[in-house]
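Printed here is final.txt (compact mmCIF, C-alpha atoms):
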# COMPACT_ATOMS: atom_id res chain seq x y z
CA SER J 1 -26.17 19.64 19.10
CA TYR J 2 -24.66 16.25 18.43
CA ASP J 3 -26.96 13.46 17.25
CA TRP J 4 -26.10 10.40 19.42
CA GLN J 5 -28.58 8.20 17.60
CA HIS J 6 -26.87 8.89 14.32
CA LEU J 7 -23.47 8.08 15.87
CA LEU J 8 -24.78 4.82 17.36
CA LEU J 9 -26.26 3.85 14.00
CA ILE J 10 -22.91 4.46 12.30
CA ILE J 11 -21.10 2.36 14.92
CA TYR J 12 -23.68 -0.44 14.59
CA LEU J 13 -23.52 -0.47 10.78
CA THR J 14 -19.72 -0.40 10.86
CA GLY J 15 -19.76 -3.44 13.16
CA ILE J 16 -22.14 -5.23 10.82
CA ALA J 17 -19.90 -4.39 7.86
CA PHE J 18 -16.78 -5.78 9.56
CA ALA J 19 -18.49 -8.89 10.91
CA GLY J 20 -20.24 -9.53 7.60
CA LEU J 21 -17.04 -9.08 5.63
CA LYS J 22 -15.20 -11.49 7.93
CA LEU J 23 -17.92 -14.14 7.51
CA LEU J 24 -18.04 -13.60 3.76
CA VAL J 25 -14.27 -14.05 3.44
CA GLU J 26 -14.39 -17.26 5.52
CA VAL J 27 -17.28 -18.73 3.53
CA ILE J 28 -15.71 -17.83 0.18
CA SER J 29 -12.36 -19.32 1.20
CA LEU J 30 -14.14 -22.50 2.28
CA LEU J 31 -16.08 -22.69 -1.00
CA LEU J 32 -12.85 -22.14 -2.96
CA LEU J 33 -11.27 -24.97 -0.99
CA ILE J 34 -14.19 -27.22 -1.97
CA VAL J 35 -13.93 -26.25 -5.65
CA ARG J 36 -10.14 -26.54 -5.90
CA GLN J 37 -9.53 -29.77 -3.98
CA LYS J 38 -10.17 -33.29 -5.22
CA ARG J 39 -12.79 -35.30 -3.34
CA ASP J 40 -13.69 -38.95 -3.22
CA GLU J 41 -17.13 -40.53 -3.64
CA ARG J 42 -17.99 -39.80 0.02
CA ASN J 43 -17.25 -36.05 -0.43
CA ILE J 44 -14.08 -36.34 1.60
CA ILE J 45 -11.43 -33.79 0.73
CA ILE J 46 -7.82 -34.56 1.65
CA LEU J 47 -5.88 -31.43 2.58
CA ASN J 48 -2.12 -31.05 2.28
CA LYS J 49 -0.46 -29.26 5.19
CA SER J 50 -3.61 -27.50 6.31
CA ARG J 51 -4.14 -25.31 9.38
CA THR J 52 -6.47 -27.96 10.72
CA SER J 53 -6.61 -31.70 10.40
CA ARG J 54 -10.38 -32.27 10.39
CA PHE J 55 -13.72 -30.51 10.00
CA SER J 56 -16.97 -30.70 8.04
CA ALA J 57 -18.87 -28.04 6.14
CA PHE J 58 -21.21 -27.67 3.14
CA GLY J 59 -21.71 -31.44 2.92
CA HIS J 60 -17.97 -32.18 2.77
CA ILE J 61 -15.51 -33.65 5.23
CA PHE J 62 -12.01 -32.18 5.29
CA ILE J 63 -9.13 -34.19 6.74
CA ASP J 64 -5.40 -33.69 6.72
CA LYS J 65 -3.26 -36.01 4.62
CA SER J 66 -0.92 -36.59 7.58
CA LEU J 67 -3.55 -38.40 9.66
CA ASP J 68 -3.12 -42.09 10.34
CA SER J 69 -5.57 -44.13 8.22
CA ASP J 70 -7.28 -45.72 11.25
CA ASP J 71 -7.64 -42.34 12.96
CA ALA J 72 -8.86 -40.81 9.72
CA GLU J 73 -11.68 -43.38 9.42
CA GLU J 74 -12.86 -42.73 12.99
CA ILE J 75 -12.72 -38.97 12.42
CA ILE J 76 -14.66 -39.38 9.17
CA LYS J 77 -17.36 -41.28 11.09
CA HIS J 78 -17.54 -38.45 13.63
CA GLU J 79 -17.70 -35.74 10.99
CA GLN J 80 -20.31 -37.71 9.04
CA LYS J 81 -22.53 -37.52 12.13
CA HIS J 82 -22.26 -33.73 11.95
CA LEU J 83 -23.23 -33.82 8.28
CA ASN J 84 -26.16 -36.18 8.89
CA ARG J 85 -27.60 -33.82 11.52
CA LEU J 86 -26.97 -30.71 9.35
CA HIS J 87 -24.93 -29.06 12.08
CA PHE J 88 -23.32 -26.81 9.51
CA VAL J 89 -26.69 -25.14 8.87
CA ASP J 90 -26.95 -24.35 12.59
CA ILE J 91 -23.46 -22.91 12.62
CA LEU J 92 -24.07 -20.83 9.50
CA LEU J 93 -27.28 -19.42 11.02
CA ILE J 94 -25.55 -18.54 14.29
CA GLU J 95 -22.74 -16.89 12.32
CA LEU J 96 -25.32 -14.77 10.48
CA LEU J 97 -26.90 -13.85 13.83
CA LYS J 98 -23.45 -12.87 15.09
CA VAL J 99 -23.14 -10.47 12.16
CA ILE J 100 -26.38 -8.74 13.16
CA GLN J 101 -25.84 -9.01 16.91
CA TRP J 102 -22.05 -8.48 16.93
CA PHE J 103 -22.31 -6.31 20.05
CA ASN J 104 -24.30 -8.86 22.10
CA PRO J 105 -22.11 -11.07 24.31
CA PHE J 106 -24.89 -13.62 24.76
CA ILE J 107 -24.79 -14.59 21.09
CA TYR J 108 -21.17 -15.71 21.58
CA PHE J 109 -22.12 -17.78 24.64
CA PHE J 110 -24.97 -19.31 22.63
CA ASP J 111 -22.57 -20.13 19.79
CA LYS J 112 -20.19 -21.86 22.18
CA SER J 113 -23.03 -23.82 23.75
CA LEU J 114 -24.44 -24.86 20.38
CA ARG J 115 -21.08 -26.14 19.22
CA ALA J 116 -20.72 -28.12 22.46
CA VAL J 117 -24.11 -29.73 21.92
CA HIS J 118 -23.10 -30.62 18.37
CA GLU J 119 -19.95 -32.33 19.64
CA TYR J 120 -21.90 -34.22 22.33
CA GLN J 121 -24.41 -35.44 19.73
CA ALA J 122 -21.71 -36.62 17.33
CA ASP J 123 -19.79 -38.31 20.16
CA GLU J 124 -22.91 -40.08 21.40
CA GLU J 125 -23.79 -41.36 17.93
CA CYS J 126 -20.23 -42.59 17.35
CA LEU J 127 -20.18 -44.42 20.66
CA SER J 128 -23.63 -45.93 20.13
CA SER J 129 -22.47 -47.25 16.74
CA GLY J 130 -20.07 -49.58 18.54
CA ILE J 131 -16.82 -47.66 18.88
CA PRO J 132 -15.24 -48.54 22.26
CA VAL J 133 -15.25 -45.60 24.67
CA HIS J 134 -11.57 -45.85 25.63
CA SER J 135 -10.29 -46.00 22.06
CA TYR J 136 -12.56 -43.11 21.06
CA GLN J 137 -11.38 -41.03 24.01
CA GLY J 138 -7.77 -41.81 23.08
CA LEU J 139 -8.44 -40.69 19.53
CA VAL J 140 -9.98 -37.42 20.73
CA MET J 141 -7.04 -36.80 23.05
CA ASN J 142 -4.55 -37.47 20.24
CA GLN J 143 -6.31 -34.99 17.95
CA VAL J 144 -7.36 -32.25 20.32
CA PHE J 145 -4.23 -30.12 20.52
CA ARG J 146 -3.03 -30.29 16.93
CA ALA J 147 -4.72 -27.24 15.34
CA ARG J 148 -7.37 -24.57 15.60
CA ILE J 149 -10.38 -25.06 13.34
CA PHE J 150 -11.85 -22.78 10.70
CA ASN J 151 -14.76 -20.93 12.37
CA PRO J 152 -17.92 -21.73 10.38
CA SER J 153 -17.55 -25.49 10.47
CA ASN J 154 -17.88 -28.47 12.77
CA SER J 155 -14.64 -29.67 14.17
CA PHE J 156 -13.69 -33.00 15.60
CA SER J 157 -11.80 -31.48 18.49
CA ASN J 158 -12.10 -28.38 20.59
CA PRO J 159 -9.52 -27.99 23.37
CA THR J 160 -11.82 -26.07 25.71
CA LEU J 161 -14.54 -28.68 25.41
CA ILE J 162 -12.45 -31.84 25.78
CA LYS J 163 -12.98 -32.50 29.50
CA LYS J 164 -16.75 -32.13 29.21
CA ARG J 165 -16.80 -34.41 26.17
CA MET J 166 -14.86 -37.09 28.06
CA ILE J 167 -17.32 -36.91 30.95
CA MET J 168 -20.34 -37.07 28.64
CA MET J 169 -18.96 -40.16 26.88
CA THR J 170 -18.85 -42.16 30.10
CA LYS J 171 -21.98 -40.76 31.72
CA LYS J 172 -24.88 -43.17 32.18
CA ARG J 173 -28.12 -42.04 30.58
CA SER J 174 -31.16 -41.75 32.84
Take the structure from the file and write it as structure tokens.
Amino acid sequence: SYDWQHLLLIIYLTGIAFAGLKLLVEVISLLLLIVRQKRDERNIIILNKSRTSRFSAFGHIFIDKSLDSDDAEEIIKHEQKHLNRLHFVDILLIELLKVIQWFNPFIYFFDKSLRAVHEYQADEECLSSGIPVHSYQGLVMNQVFRARIFNPSNSFSNPTLIKKRMIMMTKKRS
């Protein structure tokens, strides 16, 4: 007789091992990036020719050297909102849950929804600080299609979320 419970346990533990290893590699590479790169007094790390042009994680903001200085300042403001609200902690917790629940499709929907809420919150705070809506929307549009972001971090742009973000920026609050 074949023990199906034993087989399912092996499959589950193998999934945890792969998902955990993937997360560990991503976190270690991010920590190495923090240790190796120079930062300024605001914990902003300038990246040379990176895969992405902007994100925040572990209390640091990462931006690409190729960004225009005006755009970079607006992006830094946006990413600082993520840091102020500790969005990275939320993302790290959901990534840990994804390791344990790697087989559950709802955890991936929850992750996507959580990241959308984070972007809406950062956008709302940036706009309420006095940034004009049209210039902020233009900045988001200019940045949105440049690169894909490192997973366990908050990113300034997310191509699948852009239309919803634009709508939320102009929506009147009730």
- Message: Need the shell around J:Leu21: protein/DNA/RNA residues with any atom at most 10 Å away, counting only C-alpha atoms. Skip same-chain ones fewer than 6 positions apart. Format as a list in words?
- Response: Gly15, Val27 and Val99 of chain J
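Rounded to one decimal, atom CA of J:His87 and atom CA of J:Leu24 lie 18.9 Å from each other.
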Within 12 Å of (-17.2, -39.8, -2.0), all atoms listed in the file: residues as a PDB file with C-alpha atoms, keeping the file's coordinate frame?
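Output (part.pdb):
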ATOM      1  CA  LYS J  38     -10.170 -33.290  -5.220  1.00  0.00           C
ATOM      2  CA  ARG J  39     -12.790 -35.300  -3.340  1.00  0.00           C
ATOM      3  CA  ASP J  40     -13.690 -38.950  -3.220  1.00  0.00           C
ATOM      4  CA  GLU J  41     -17.130 -40.530  -3.640  1.00  0.00           C
ATOM      5  CA  ARG J  42     -17.990 -39.800   0.020  1.00  0.00           C
ATOM      6  CA  ASN J  43     -17.250 -36.050  -0.430  1.00  0.00           C
ATOM      7  CA  ILE J  44     -14.080 -36.340   1.600  1.00  0.00           C
ATOM      8  CA  ILE J  45     -11.430 -33.790   0.730  1.00  0.00           C
ATOM      9  CA  ILE J  46      -7.820 -34.560   1.650  1.00  0.00           C
ATOM     10  CA  GLY J  59     -21.710 -31.440   2.920  1.00  0.00           C
ATOM     11  CA  HIS J  60     -17.970 -32.180   2.770  1.00  0.00           C
ATOM     12  CA  ILE J  61     -15.510 -33.650   5.230  1.00  0.00           C
ATOM     13  CA  PHE J  62     -12.010 -32.180   5.290  1.00  0.00           C
ATOM     14  CA  ILE J  76     -14.660 -39.380   9.170  1.00  0.00           C
ATOM     15  CA  GLN J  80     -20.310 -37.710   9.040  1.00  0.00           C
TER      16      GLN J  80
END
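Atom to atom, atom CA of J:Ser69 and atom CA of J:Glu119 stand 21.8 Å apart.
For the residues J:Glu79, J:Glu95, J:Glu74, J:Asp68, ranking by smallest atom-to-atom distance to J:Tyr108 using only C-alpha atoms places J:Glu95 first.
Using all atoms listed in the file, the shortest contact distance between J:Ile91 and any of J:Ser29, J:Leu23, J:Phe106, J:His78 is found at J:Leu23.
With atom CA of J:Lys112 on one side and atom CA of J:Leu67 on the other, the separation reads 26.6 Å.
Using all atoms listed in the file, the smallest distance between any of J:Lys164, J:Lys81, J:Lys65, J:His6 and J:Ser128 comes from J:Lys81.
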Shortest contact to J:Leu92, candidates J:Glu26, J:Ile10, J:Met141, J:Gly130, atoms counted all atoms listed in the file, goes to J:Glu26
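Every protein or nucleic acid residue with an atom no more than 8 Å from J:Asp123, counting all atoms listed in the file and leaving out same-chain residues fewer than 3 positions away, appears here: His78, Glu119, Tyr120, Cys126, Leu127, Arg165 and Met169 of chain J.
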Among J:Ile100, J:Ile131, J:Ile107, J:Leu32, J:Ala17 is approached most closely, using only C-alpha atoms, by J:Ile100
Using only C-alpha atoms, the residue out of J:Leu33, J:Phe103, J:Asn84, J:Ser66 with shortest distance to J:Phe18 is J:Phe103
